[in-house]
Each structure stands twice: as C-alpha cells, then as structure tokens.
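Below is upload_5.txt, holding compact mmCIF, C-alpha atoms and all ligand atoms.
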# COMPACT_ATOMS: atom_id res chain seq x y z
CA MET J 29 -18.30 -18.22 -18.73
CA SER J 30 -15.07 -19.16 -16.90
CA THR J 31 -13.36 -22.52 -17.25
CA TYR J 32 -11.58 -24.15 -14.30
CA ALA J 33 -8.23 -25.89 -13.82
CA ARG J 34 -6.59 -27.43 -10.78
CA PRO J 35 -2.89 -27.74 -11.70
CA ALA J 36 -0.78 -30.28 -9.83
CA GLY J 37 2.19 -27.97 -9.19
CA LEU J 38 3.42 -24.39 -9.25
CA ASP J 39 5.03 -24.44 -12.70
CA GLU J 40 1.83 -25.73 -14.27
CA ALA J 41 -0.16 -23.06 -12.40
CA LEU J 42 2.16 -20.30 -13.62
CA ALA J 43 1.97 -21.56 -17.21
CA LEU J 44 -1.85 -21.46 -17.05
CA LEU J 45 -1.83 -18.00 -15.43
CA ALA J 46 0.28 -16.68 -18.32
CA GLY J 47 -2.81 -17.10 -20.52
CA ASP J 48 -4.98 -14.08 -21.29
CA GLY J 49 -7.71 -13.48 -18.73
CA ALA J 50 -6.68 -16.28 -16.33
CA ALA J 51 -7.09 -15.56 -12.59
CA PRO J 52 -5.69 -17.35 -9.55
CA LEU J 53 -8.25 -18.92 -7.25
CA GLY J 54 -7.43 -19.33 -3.54
CA GLY J 55 -10.43 -20.10 -1.34
CA GLY J 56 -12.74 -18.21 -3.73
CA THR J 57 -14.41 -16.30 -0.88
CA ASP J 58 -13.81 -12.99 -2.65
CA LEU J 59 -13.46 -13.97 -6.30
CA ALA J 60 -16.52 -16.24 -6.49
CA GLY J 61 -18.82 -13.39 -5.42
CA GLN J 62 -17.37 -11.10 -8.08
CA VAL J 63 -17.71 -13.71 -10.83
CA ASP J 64 -21.22 -14.52 -9.66
CA ARG J 65 -22.28 -10.88 -9.97
CA GLY J 66 -20.60 -10.40 -13.34
CA ILE J 67 -18.13 -7.85 -11.94
CA ARG J 68 -15.28 -9.99 -13.26
CA GLU J 69 -15.20 -12.63 -15.99
CA PRO J 70 -11.90 -14.55 -15.87
CA SER J 71 -11.49 -16.84 -18.88
CA LEU J 72 -9.85 -19.45 -16.63
CA LEU J 73 -9.89 -19.95 -12.85
CA VAL J 74 -6.60 -21.49 -11.74
CA ASP J 75 -7.19 -23.27 -8.43
CA LEU J 76 -3.99 -23.05 -6.36
CA ARG J 77 -4.82 -25.78 -3.85
CA ASP J 78 -2.30 -28.28 -5.25
CA ALA J 79 0.39 -25.75 -6.17
CA GLY J 80 2.54 -26.59 -3.15
CA LEU J 81 2.09 -23.22 -1.43
CA GLY J 82 0.45 -24.42 1.77
CA ALA J 83 3.28 -24.49 4.32
CA ILE J 84 4.34 -22.28 7.23
CA ASP J 85 8.07 -22.71 7.87
CA ALA J 86 10.67 -21.18 10.13
CA ALA J 87 13.16 -19.46 7.79
CA ASP J 88 16.43 -17.90 8.98
CA ALA J 89 15.43 -16.04 12.14
CA GLY J 90 11.93 -15.40 10.77
CA LEU J 91 9.09 -17.17 9.04
CA ARG J 92 7.80 -18.03 5.57
CA VAL J 93 4.07 -18.36 5.01
CA GLY J 94 2.86 -19.96 1.76
CA ALA J 95 0.17 -18.14 -0.21
CA THR J 96 -2.47 -20.86 0.17
CA VAL J 97 -2.13 -21.16 3.94
CA THR J 98 -5.62 -20.39 5.20
CA LEU J 99 -6.34 -17.60 7.67
CA ALA J 100 -7.42 -20.27 10.20
CA GLU J 101 -4.15 -22.21 9.78
CA LEU J 102 -2.15 -19.01 10.19
CA ALA J 103 -4.05 -17.93 13.29
CA ALA J 104 -3.60 -21.37 14.87
CA SER J 105 0.11 -21.76 14.14
CA PRO J 106 2.46 -21.56 17.14
CA LEU J 107 5.07 -20.16 14.74
CA ILE J 108 3.06 -16.94 14.31
CA GLU J 109 2.68 -16.28 18.05
CA PRO J 110 5.78 -14.04 18.32
CA TYR J 111 4.15 -11.80 15.69
CA ALA J 112 1.23 -10.82 17.91
CA ALA J 113 -0.18 -8.26 15.45
CA VAL J 114 -0.37 -10.85 12.64
CA SER J 115 -1.75 -13.59 14.82
CA HIS J 116 -4.44 -11.25 16.19
CA ALA J 117 -5.33 -9.90 12.72
CA ALA J 118 -5.65 -13.41 11.27
CA SER J 119 -7.91 -14.51 14.11
CA LEU J 120 -10.20 -11.47 13.74
CA ALA J 121 -10.69 -11.53 9.97
CA ALA J 122 -14.15 -12.46 8.68
CA SER J 123 -15.81 -15.51 10.29
CA PRO J 124 -14.63 -19.05 11.17
CA LEU J 125 -16.05 -20.49 7.93
CA LEU J 126 -14.39 -17.81 5.80
CA ARG J 127 -11.10 -18.21 7.68
CA ASN J 128 -11.19 -21.94 6.93
CA ALA J 129 -11.41 -21.24 3.19
CA GLY J 130 -9.78 -17.83 2.69
CA THR J 131 -6.04 -17.87 2.01
CA VAL J 132 -3.22 -15.50 2.86
CA GLY J 133 -2.61 -14.71 -0.85
CA GLY J 134 -6.31 -14.13 -1.48
CA ASN J 135 -6.67 -11.97 1.58
CA LEU J 136 -3.82 -9.72 0.48
CA CYS J 137 -5.13 -9.51 -3.09
CA GLN J 138 -8.86 -9.20 -2.37
CA HIS J 139 -10.70 -6.37 -4.08
CA THR J 140 -12.26 -3.37 -2.39
CA ARG J 141 -15.60 -3.74 -0.65
CA CYS J 142 -16.87 -0.39 -1.99
CA TRP J 143 -20.58 -1.05 -2.46
CA TYR J 144 -20.66 0.70 -5.83
CA TYR J 145 -17.75 -1.41 -7.12
CA ARG J 146 -19.52 -4.54 -5.87
CA GLY J 147 -22.99 -3.59 -7.07
CA GLU J 148 -24.16 -5.15 -10.34
CA GLU J 149 -25.99 -1.97 -11.30
CA TRP J 150 -22.95 0.32 -11.19
CA HIS J 151 -19.92 0.54 -13.44
CA CYS J 152 -17.75 2.88 -11.41
CA TRP J 153 -14.40 4.51 -12.20
CA LEU J 154 -12.33 1.77 -10.55
CA GLY J 155 -14.18 -0.86 -12.57
CA GLY J 156 -13.37 1.01 -15.80
CA GLY J 157 -16.26 3.52 -15.91
CA ASP J 158 -16.24 7.31 -15.73
CA THR J 159 -17.68 8.14 -12.32
CA CYS J 160 -16.73 7.56 -8.73
CA TYR J 161 -20.27 7.19 -7.41
CA ALA J 162 -19.02 7.19 -3.82
CA GLN J 163 -17.80 10.77 -4.08
CA ILE J 164 -21.21 12.00 -5.22
CA GLY J 165 -23.07 9.52 -3.03
CA ASP J 166 -22.68 7.48 0.10
CA HIS J 167 -19.07 7.36 1.24
CA ARG J 168 -19.45 6.88 4.98
CA ARG J 169 -17.10 3.90 4.93
CA HIS J 170 -14.66 5.22 2.38
CA ASN J 171 -11.23 6.62 2.88
CA LEU J 172 -9.55 9.78 4.13
CA GLU J 173 -7.19 10.42 1.25
CA PRO J 174 -8.34 12.50 -1.73
CA GLY J 175 -8.14 10.83 -5.16
CA ASP J 176 -10.03 9.57 -8.22
CA CYS J 177 -11.16 6.55 -6.18
CA ILE J 178 -11.82 6.83 -2.43
CA SER J 179 -12.22 3.12 -1.72
CA ALA J 180 -10.77 1.83 1.53
CA HIS J 181 -8.33 -1.06 1.74
CA PRO J 182 -10.15 -4.03 3.38
CA SER J 183 -7.54 -6.60 4.53
CA ASP J 184 -6.86 -7.26 8.20
CA LEU J 185 -3.66 -9.13 7.42
CA ALA J 186 -1.97 -6.53 5.21
CA PRO J 187 -1.33 -3.79 7.82
CA ALA J 188 -0.28 -6.35 10.45
CA LEU J 189 2.16 -8.12 8.14
CA ALA J 190 3.52 -4.80 6.84
CA ALA J 191 4.13 -3.43 10.35
CA CYS J 192 6.10 -6.61 11.11
CA GLY J 193 8.31 -6.02 8.06
CA ALA J 194 6.87 -8.61 5.65
CA VAL J 195 8.16 -9.12 2.14
CA VAL J 196 6.00 -10.77 -0.57
CA GLU J 197 7.47 -13.35 -2.90
CA LEU J 198 6.10 -13.16 -6.44
CA ARG J 199 6.42 -15.66 -9.29
CA SER J 200 5.30 -15.70 -12.88
CA ALA J 201 6.08 -17.94 -15.85
CA SER J 202 8.91 -15.54 -16.69
CA GLY J 203 10.61 -15.09 -13.33
CA ALA J 204 10.61 -14.27 -9.63
CA ARG J 205 10.87 -11.10 -7.61
CA GLU J 206 10.11 -9.88 -4.13
CA LEU J 207 8.70 -6.67 -2.71
CA PRO J 208 8.20 -5.09 0.69
CA LEU J 209 4.52 -5.84 1.33
CA LEU J 210 3.39 -2.23 1.05
CA GLU J 211 4.79 -2.14 -2.51
CA LEU J 212 2.30 -4.83 -3.52
CA TYR J 213 -0.24 -1.99 -3.50
CA ARG J 214 -0.69 1.12 -5.61
CA ARG J 215 -3.15 3.94 -5.94
CA PRO J 216 -5.13 3.52 -9.17
CA THR J 217 -4.47 5.89 -12.06
CA GLU J 218 -6.43 6.86 -15.18
CA ASP J 219 -4.53 4.39 -17.38
CA ASN J 220 -4.17 1.59 -14.79
CA ARG J 221 -7.08 1.13 -12.40
CA SER J 222 -5.53 -1.77 -10.50
CA LEU J 223 -4.86 -1.43 -6.78
CA LEU J 224 -2.11 -4.06 -7.02
CA THR J 225 1.35 -3.85 -8.56
CA LEU J 226 1.14 -7.47 -9.78
CA ALA J 227 2.02 -7.89 -13.45
CA PRO J 228 -0.33 -10.00 -15.62
CA GLY J 229 0.19 -13.67 -14.76
CA GLU J 230 2.08 -12.86 -11.57
CA LEU J 231 1.24 -14.73 -8.40
CA VAL J 232 1.93 -14.13 -4.71
CA VAL J 233 3.61 -17.40 -3.73
CA GLY J 234 4.46 -16.53 -0.16
CA VAL J 235 5.14 -13.94 2.51
CA ARG J 236 8.40 -13.76 4.43
CA LEU J 237 8.69 -12.25 7.87
CA PRO J 238 12.00 -11.20 9.43
CA ALA J 239 12.82 -11.99 13.07
CA PRO J 240 9.87 -11.13 15.32
CA PRO J 241 9.62 -7.54 16.57
CA ASP J 242 10.20 -6.81 20.26
CA ALA J 243 6.48 -6.04 20.51
CA SER J 244 3.56 -5.69 18.11
CA ALA J 245 -0.17 -5.03 18.31
CA TYR J 246 -3.22 -4.84 16.06
CA GLU J 247 -6.29 -2.71 16.78
CA ARG J 248 -9.39 -2.55 14.61
CA LEU J 249 -12.84 -1.06 14.56
CA GLY J 250 -15.61 -2.94 12.77
CA GLU J 251 -19.35 -2.60 12.66
CA ARG J 252 -19.45 -5.57 15.02
CA ALA J 253 -16.73 -7.20 17.11
CA ALA J 254 -16.87 -10.33 14.93
CA PHE J 255 -17.92 -11.32 11.38
CA SER J 256 -17.39 -7.83 10.04
CA PHE J 257 -14.77 -6.10 7.91
CA PRO J 258 -12.43 -3.65 9.63
CA LEU J 259 -13.60 -0.09 8.98
CA VAL J 260 -10.37 1.31 10.35
CA SER J 261 -7.43 -0.70 11.64
CA VAL J 262 -3.92 -0.02 12.86
CA ALA J 263 -0.92 -2.30 13.36
CA ALA J 264 2.13 -1.21 15.30
CA ALA J 265 5.46 -2.98 15.74
CA ARG J 266 8.59 -2.00 17.65
CA SER J 267 12.05 -3.40 16.95
CA GLY J 268 14.76 -1.72 18.98
CA GLN J 269 14.38 2.04 18.50
CA GLU J 270 12.23 1.71 15.37
CA THR J 271 8.43 1.79 15.50
CA ARG J 272 6.36 1.01 12.42
CA LEU J 273 2.68 1.98 12.17
CA VAL J 274 0.46 0.84 9.29
CA ALA J 275 -3.26 1.49 8.91
CA ALA J 276 -6.03 0.09 6.70
CA GLY J 277 -9.45 1.53 5.92
CA VAL J 278 -8.06 5.06 5.57
CA ALA J 279 -6.62 4.99 2.03
CA ASN J 280 -6.89 2.94 -1.19
CA VAL J 281 -3.95 0.93 0.08
CA PRO J 282 -2.61 -0.15 3.47
CA ARG J 283 -0.85 3.03 4.49
CA ALA J 284 2.27 3.59 6.56
CA LEU J 285 1.72 6.30 9.18
CA ASP J 286 4.31 8.55 10.75
CA PRO J 287 4.19 7.73 14.49
CA ALA J 288 4.97 11.42 15.21
CA ASP J 289 2.11 12.67 12.97
CA PRO J 290 -0.22 9.77 12.14
CA MET J 291 -2.94 11.91 10.53
CA ALA J 292 -0.63 13.57 7.99
CA GLY J 293 -2.11 13.58 4.47
CA LEU J 294 -5.48 12.21 5.61
CA PRO J 295 -7.93 15.12 5.44
CA GLY J 296 -11.09 13.02 4.99
CA ASN J 297 -14.26 13.56 2.98
CA PRO J 298 -17.55 15.06 4.14
CA GLN J 299 -18.87 11.80 5.60
CA THR J 300 -15.63 10.27 6.90
CA GLY J 301 -14.70 12.63 9.75
CA TRP J 302 -15.54 9.83 12.17
CA LYS J 303 -12.72 7.75 10.68
CA ARG J 304 -10.18 10.40 11.69
CA ARG J 305 -11.35 10.17 15.28
CA ALA J 306 -11.33 6.37 15.15
CA LEU J 307 -7.83 6.35 13.66
CA GLU J 308 -6.50 8.62 16.41
CA THR J 309 -7.91 6.33 19.09
CA LEU J 310 -6.64 3.13 17.46
CA VAL J 311 -3.15 4.59 16.98
CA GLU J 312 -3.08 5.58 20.64
CA ARG J 313 -4.11 2.07 21.71
CA ALA J 314 -1.71 0.28 19.38
CA LEU J 315 1.26 2.38 20.50
CA ALA J 316 0.32 1.95 24.18
CA ALA J 317 0.27 -1.83 23.67
CA LEU J 318 3.95 -1.74 22.62
CA ALA J 319 5.09 -0.27 25.93
C1 LIG F 1 -18.76 -11.79 4.50
C2 LIG F 1 -17.27 -11.55 4.40
C3 LIG F 1 -16.63 -10.96 5.47
C4 LIG F 1 -15.25 -10.73 5.40
N1 LIG F 1 -14.61 -10.13 6.45
C5 LIG F 1 -13.27 -9.89 6.36
C6 LIG F 1 -12.55 -9.29 7.43
O1 LIG F 1 -13.12 -8.97 8.47
N2 LIG F 1 -11.22 -9.08 7.27
C7 LIG F 1 -10.56 -9.44 6.14
O2 LIG F 1 -9.34 -9.23 6.06
N3 LIG F 1 -11.20 -10.00 5.12
C8 LIG F 1 -12.53 -10.25 5.22
N4 LIG F 1 -13.17 -10.86 4.20
C9 LIG F 1 -12.43 -11.17 3.01
C10 LIG F 1 -11.87 -12.55 3.09
O3 LIG F 1 -10.95 -12.62 4.13
C11 LIG F 1 -11.24 -12.75 1.79
O4 LIG F 1 -12.33 -12.96 0.89
C12 LIG F 1 -10.32 -13.94 1.77
O5 LIG F 1 -9.25 -13.82 2.65
C13 LIG F 1 -9.79 -14.03 0.37
O6 LIG F 1 -9.06 -15.21 0.29
P1 LIG F 1 -9.43 -16.29 -0.81
O7 LIG F 1 -8.35 -17.29 -0.76
O8 LIG F 1 -10.82 -16.79 -0.62
O9 LIG F 1 -9.32 -15.39 -2.10
P2 LIG F 1 -10.00 -15.58 -3.51
O10 LIG F 1 -11.42 -15.18 -3.45
O11 LIG F 1 -9.67 -16.91 -4.07
O12 LIG F 1 -9.15 -14.48 -4.32
C14 LIG F 1 -9.27 -13.11 -4.01
C15 LIG F 1 -8.50 -12.32 -5.07
O13 LIG F 1 -7.12 -12.56 -4.95
C16 LIG F 1 -6.59 -13.18 -6.13
N5 LIG F 1 -5.65 -14.17 -5.62
C17 LIG F 1 -5.92 -15.25 -4.86
N6 LIG F 1 -4.78 -15.85 -4.50
C18 LIG F 1 -3.77 -15.14 -5.06
C19 LIG F 1 -2.35 -15.26 -5.06
N7 LIG F 1 -1.74 -16.23 -4.39
N8 LIG F 1 -1.62 -14.35 -5.75
C20 LIG F 1 -2.22 -13.34 -6.43
N9 LIG F 1 -3.57 -13.17 -6.45
C21 LIG F 1 -4.32 -14.07 -5.76
C22 LIG F 1 -7.79 -13.75 -6.86
O14 LIG F 1 -7.57 -13.85 -8.24
C23 LIG F 1 -8.85 -12.72 -6.49
O15 LIG F 1 -8.74 -11.59 -7.30
C24 LIG F 1 -14.54 -11.13 4.25
C25 LIG F 1 -15.20 -11.74 3.17
C26 LIG F 1 -16.55 -11.94 3.24
C27 LIG F 1 -17.23 -12.61 2.07
S1 LIG F 2 -14.64 4.70 -4.36
FE1 LIG F 2 -13.55 3.66 -6.01
S2 LIG F 2 -14.54 1.67 -6.07
FE2 LIG F 2 -15.95 3.08 -5.01
S3 LIG F 2 -17.29 4.04 -6.55
FE3 LIG F 2 -15.52 5.34 -6.32
S4 LIG F 2 -14.13 4.63 -7.94
FE4 LIG F 2 -15.58 3.00 -7.57
Here is the file; what I need is its structure written in the form of structure tokens.
Ligand SMILES: Cc1cc2nc3c(=O)[nH]c(=O)nc-3n(C[C@H](O)[C@H](O)[C@H](O)COP(=O)(O)OP(=O)(O)OC[C@H]3O[C@@H](n4cnc5c(N)ncnc54)[C@H](O)[C@@H]3O)c2cc1C
Ligand code: SF4
Amino acid sequence: MSTYARPAGLDEALALLAGDGAAPLGGGTDLAGQVDRGIREPSLLVDLRDAGLGAIDAADAGLRVGATVTLAELAASPLIEPYAAVSHAASLAASPLLRNAGTVGGNLCQHTRCWYYRGEEWHCWLGGGDTCYAQIGDHRRHNLEPGDCISAHPSDLAPALAACGAVVELRSASGARELPLLELYRRPTEDNRSLLTLAPGELVVGVRLPAPPDASAYERLGERAAFSFPLVSVAAARSGQETRLVAAGVANVPRALDPADPMAGLPGNPQTGWKRRALETLVERALAALA
C-alpha cells in the first residue's frame, strides 16, 4: 500500500524522494495504472503539483519548460510554436483528457506499453523476471533492435524534443545535473533493468530548448489518427547545415537516426517488418517537411 504526500516546494519534494521506494507523481496517468495493477508498489507517492515546476519561460534565445507543465499547456503555448515538431507532438499525444492531466516530466519518464510488462499475469524480464515473453510471443508492436528486451519507446514528446536539441535538468536531494535528452534513456541490462538513467531520488525538473531550429517536423503512425499511442514516429529538425532525426517506437529508447542511412542497426524481428516500411515513409515525410 502506497502513502501519499503533496509537498509545498521542490526541496521538500526532493527530500521525500530521497526515501527508499518513493516515486514522483505527475498527472498519474501512467503511474496510477501500474500501481493499480500491482506492477509497481511505491512506498510513497510524491505529488509534484505544488513543487513550483509548472512554468514555460523564454530563456536566453530558447525556452525552459517545467516538468509539471501539462501536455495541453505545452501544446497551447505560443512560446512553443517556433518548435513545430514539439508543438505538433504535444498536441497529438493521447487524448484531450490525458493531455490535461499528463505532464512533460511524466511523459518523458513513462514506462513501456509492452502488453506483457503491463499485464498482471506476467512477470517479464524487464520487470525483473527471466523471460521476454514478447520474443517468444506476440511482438507485432515491438521494436526493430535486437536485445534482451524488445519493448518500444512510447513517448511522442521525447523524439520531438530531442530533435530540437533539448537538454533535461535533473535535481535530487544531493545535487543538480543536466543531460542531452537522449541521455535520459538507456537500454536495460541484466543488472539494471531500468530504461532511464535517473539515479534513485532524482527528478526531471525541466527541459531546456536552445534557439528554435530553422525548420522542424513530427510524423507519427498510430493505430488511429487520435487517442492512440504512436507505433512509429519520427522527428526531424534542421538548423543551418545540420539535420537531426530522432525516432520512437523502433528501439527501447528514442533513437537518433543517421539521415544518410536511417535504417542502420534496425534489422527488425519476425513480426515487425512493417515497422521498417513505416519508418522509411515517415523519415521521407519528415525530411520533406524541412525543405
Ligand atoms: C490511454 C492512454 C493513451 C496514451 N497515449 C499516448 C500517446 O499517444 N502519446 C504519448 O506520448 N503518451 C501517451 N500516453 C501516455 C501519457 O501521455 C502519459 O501517461 C503521460 O504523459 C504521463 O504523464 P503523467 O504526468 O501522468 O505521469 P505519471 O503517471 O505521474 O508518471 C509517469 C512516470 O514518470 C515518473 N515521473 C513523473 N514525473 C516525473 C519527473 N518530473 N521526473 C522523473 N520521473 C517522473 C513517475 O514516477 C512514473 O514512473 C497515453 C496514456 C494512456 C493511459
Ligand atoms: S519486450 Fe521487454 S517489456 Fe516486453 S516482455 Fe519482453 S522484456 Fe518484458
């Protein structure tokens, strides 16, 4: 059984998160479902609503987005308009109700949607068990990169923010650091099954964007046009001579692609050949939109 706290500021939140088994709570749209199904059992849920992380501010030539800004607030902000890929990704994620509750920090740190990981009846490798049931079972929606876990990264925001050069700001009770957004993610290993590089008690407090790119675009394929997770998505951004391409749905993590050879290192599994074709098409569209 989890207990609940709603600290009145960031320092208090960080002190609570330093406790064993505490977990940050944004909008709860991902975490509540996991707790409900017994997939996770945090000892303490630390509600971030009053932690002072809810602002979007112009910063230097770019932008700073607080971790508890909701997806709806981000999508509606005029400040995000010059980052077309991010604005589009935020407006496509989930549904209006979920965007009103789901936060930027929670969206970036949400867990995989792999149906075995989410199912009460399975205890798969990523969850600490011995078997990746997807690899011996249904992996139509899984990724293209071989590994112990073939789950696909689910966030719409992550590839869009990464293509636009975002940096995440992290805080814990013992200090602060920042990382290029893609370094927030890791492929899980035998001795550390986490898909995030966050240390225990560490919190995403915000995301910083540099000056807007000259052009950016976000393309995604979902089961439906709305109210459905991206199965494959691609963000592209061009600044001067440099083009950055980042995809989700094709690896454990949001994955940078080489614009000259986007499929490199993505062989696919028996049931995911369709994702290769989808990725090729989405890359083509995203790059064409930069012209
Ligand atoms: C039906 C459905 C459809 C969805 N469709 C999409 C979609 O199309 N695209 C998409 O991108 N997402 C989709 N989502 C996911 C949804 O966007 C996320 O659940 C939401 O953004 C998570 O934000 P939250 O604030 O509710 O996170 P929470 O549920 O509060 O937290 C999620 C995880 O992040 C951790 N966390 C929260 N805040 C922080 C922080 N600041 N620092 C570190 N860790 C933190 C929590 O401990 C938890 O592990 C969907 C979800 C549902 C239920
Ligand atoms: S793909 Fe990953 S999350 Fe899914 S069953 Fe395999 S180990 Fe578990």
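Minimum distance to ligand LIG 1 (chain F) across J:Glu109, J:Glu173, J:Glu197, J:Glu211 (counting all atoms listed in the file) occurs at J:Glu197.
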| task | Considering all atoms listed in the file, return as a ChimeraX atom specification whatever protein or nucleic-acid residues lie within 10 Å of Cys160 in chain J, sequence-local ones (same chain, fewer than 2 positions apart) excluded. | result | /J:144-145,150-155,157-158,162-165,175-179
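CA of Gly234 in chain J lies 26.9 Å from CA of Ile67 in chain J.
Nearest to ligand LIG 1 (chain F) of all the residues J:Leu231, J:Ala254, J:Ala245, J:Ala113 is J:Leu231, based on all atoms listed in the file.
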| message | Could you list, as a PyMOL selection string, every residue within 9 Å of Ala112 in chain J, counting only C-alpha atoms and ignoring same-chain residues fewer than 5 positions away? | response | chain J and resi 117+188+243-246
| For the point (1.0, -18.2, 13.0) in file coordinates, what residues are within 12 Å, counting all atoms listed in the file? Give the answer as a ChimeraX atom specification? | /J:83-86,90-94,97-119,132,185,189,237,240
| message | Taking only C-alpha atoms and all ligand atoms into account, which residues have an atom no farther than 6 Å from ligand LIG 1 (chain F)? I'd like them as a count of residues only. | response | 30
| Nearest-residue call for ligand LIG 2 (chain F), choices J:Glu40, J:Glu149, J:Glu230, J:Asp289, using all atoms listed in the file |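 Using all atoms listed in the file, the shortest distance to ligand LIG 2 (chain F) belongs to J:Glu149.
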| query | Could you name the residues that touch Leu44 in chain J at 10 Å or less, counting all atoms listed in the file, but leaving out those on the same chain fewer than 2 positions away, as a ChimeraX atom specification? | reply | /J:33-35,38-42,46-48,50-52,72-74,201,229
| field | Selection: 6 Å around range 264-279 of chain J, all atoms listed in the file, excl. self and same-chain fewer than 3 positions, as a VMD selection string | value | chain J and resid 171 to 173 180 to 181 187 191 to 192 241 to 245 259 to 261 282 to 285 314
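Using all atoms listed in the file for every distance, the candidate list J:Ala288, J:Cys142, J:Ala190, J:Leu207 yields J:Cys142 as the residue closest to ligand LIG 2 (chain F).
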| message | I'd like the neighbourhood of Thr300 in chain J as a VMD selection string, where a residue qualifies if any of its atoms comes within 10 Å (using only C-alpha atoms), though same-chain residues fewer than 3 positions away should be ignored. | response | chain J and resid 167 to 172 278 295 to 297 303 to 305
| said: Please determine, counting all atoms listed in the file, which residue among J:Ser222, J:Ser123, J:Thr31, J:Asn128 has the shortest atom-to-atom distance to ligand LIG 2 (chain F). | reply: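 Counting all atoms listed in the file, the residue closest to ligand LIG 2 (chain F) is J:Ser222.
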| query | What is the CA of Ser30 in chain J to CA of Thr96 in chain J distance in Å? | reply |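 Between CA of Ser30 in chain J and CA of Thr96 in chain J the gap works out to 21.3 Å.
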| Counting only C-alpha atoms, the residue of J:Ala186, J:Ala263, J:Ala317, J:Ala227 that sits nearest Ser200 in chain J | J:Ala227
| said: What does the structure give for the distance between atom FE3 of ligand LIG 2 (chain F) and CA of Gly49 in chain J, in Å to one decimal? | reply: 23.9 Å
Can you complete the atoms of range 105-122 of chain J to N, CA and C atoms and list them as a PDB file, in the coordinates of the input?
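Output saved as out.pdb:
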ATOM      1  N   SER J 105      -1.268 -21.280  14.135  1.00  0.00           N
ATOM      2  CA  SER J 105       0.110 -21.760  14.140  1.00  0.00           C
ATOM      3  C   SER J 105       0.919 -21.198  15.304  1.00  0.00           C
ATOM      4  N   PRO J 106       1.601 -22.072  16.057  1.00  0.00           N
ATOM      5  CA  PRO J 106       2.460 -21.560  17.140  1.00  0.00           C
ATOM      6  C   PRO J 106       3.594 -20.703  16.598  1.00  0.00           C
ATOM      7  N   LEU J 107       3.968 -20.928  15.316  1.00  0.00           N
ATOM      8  CA  LEU J 107       5.070 -20.160  14.740  1.00  0.00           C
ATOM      9  C   LEU J 107       4.736 -18.673  14.588  1.00  0.00           C
ATOM     10  N   ILE J 108       3.441 -18.339  14.527  1.00  0.00           N
ATOM     11  CA  ILE J 108       3.060 -16.940  14.310  1.00  0.00           C
ATOM     12  C   ILE J 108       2.915 -16.183  15.656  1.00  0.00           C
ATOM     13  N   GLU J 109       2.922 -16.932  16.753  1.00  0.00           N
ATOM     14  CA  GLU J 109       2.680 -16.280  18.050  1.00  0.00           C
ATOM     15  C   GLU J 109       3.611 -15.110  18.358  1.00  0.00           C
ATOM     16  N   PRO J 110       4.911 -15.191  18.016  1.00  0.00           N
ATOM     17  CA  PRO J 110       5.780 -14.040  18.320  1.00  0.00           C
ATOM     18  C   PRO J 110       5.428 -12.785  17.513  1.00  0.00           C
ATOM     19  N   TYR J 111       4.608 -12.942  16.486  1.00  0.00           N
ATOM     20  CA  TYR J 111       4.150 -11.800  15.690  1.00  0.00           C
ATOM     21  C   TYR J 111       2.706 -11.525  16.125  1.00  0.00           C
ATOM     22  N   ALA J 112       2.568 -10.939  17.313  1.00  0.00           N
ATOM     23  CA  ALA J 112       1.230 -10.820  17.910  1.00  0.00           C
ATOM     24  C   ALA J 112       0.251 -10.080  17.009  1.00  0.00           C
ATOM     25  N   ALA J 113       0.730  -9.042  16.313  1.00  0.00           N
ATOM     26  CA  ALA J 113      -0.180  -8.260  15.450  1.00  0.00           C
ATOM     27  C   ALA J 113      -0.760  -9.154  14.354  1.00  0.00           C
ATOM     28  N   VAL J 114       0.084 -10.001  13.754  1.00  0.00           N
ATOM     29  CA  VAL J 114      -0.370 -10.850  12.640  1.00  0.00           C
ATOM     30  C   VAL J 114      -1.316 -11.932  13.154  1.00  0.00           C
ATOM     31  N   SER J 115      -0.936 -12.533  14.256  1.00  0.00           N
ATOM     32  CA  SER J 115      -1.750 -13.590  14.820  1.00  0.00           C
ATOM     33  C   SER J 115      -3.146 -13.058  15.186  1.00  0.00           C
ATOM     34  N   HIS J 116      -3.166 -11.859  15.789  1.00  0.00           N
ATOM     35  CA  HIS J 116      -4.440 -11.250  16.190  1.00  0.00           C
ATOM     36  C   HIS J 116      -5.259 -10.893  14.937  1.00  0.00           C
ATOM     37  N   ALA J 117      -4.608 -10.295  13.934  1.00  0.00           N
ATOM     38  CA  ALA J 117      -5.330  -9.900  12.720  1.00  0.00           C
ATOM     39  C   ALA J 117      -5.930 -11.121  12.026  1.00  0.00           C
ATOM     40  N   ALA J 118      -5.150 -12.205  11.946  1.00  0.00           N
ATOM     41  CA  ALA J 118      -5.650 -13.410  11.270  1.00  0.00           C
ATOM     42  C   ALA J 118      -6.844 -14.002  12.016  1.00  0.00           C
ATOM     43  N   SER J 119      -6.816 -13.899  13.340  1.00  0.00           N
ATOM     44  CA  SER J 119      -7.910 -14.510  14.110  1.00  0.00           C
ATOM     45  C   SER J 119      -9.165 -13.641  14.106  1.00  0.00           C
ATOM     46  N   LEU J 120      -9.025 -12.355  13.745  1.00  0.00           N
ATOM     47  CA  LEU J 120     -10.200 -11.470  13.740  1.00  0.00           C
ATOM     48  C   LEU J 120     -10.876 -11.393  12.382  1.00  0.00           C
ATOM     49  N   ALA J 121     -10.150 -11.734  11.320  1.00  0.00           N
ATOM     50  CA  ALA J 121     -10.690 -11.530   9.970  1.00  0.00           C
ATOM     51  C   ALA J 121     -11.951 -12.367   9.750  1.00  0.00           C
ATOM     52  N   ALA J 122     -12.956 -11.760   9.169  1.00  0.00           N
ATOM     53  CA  ALA J 122     -14.150 -12.460   8.680  1.00  0.00           C
ATOM     54  C   ALA J 122     -14.798 -13.343   9.754  1.00  0.00           C
TER      55      ALA J 122
END
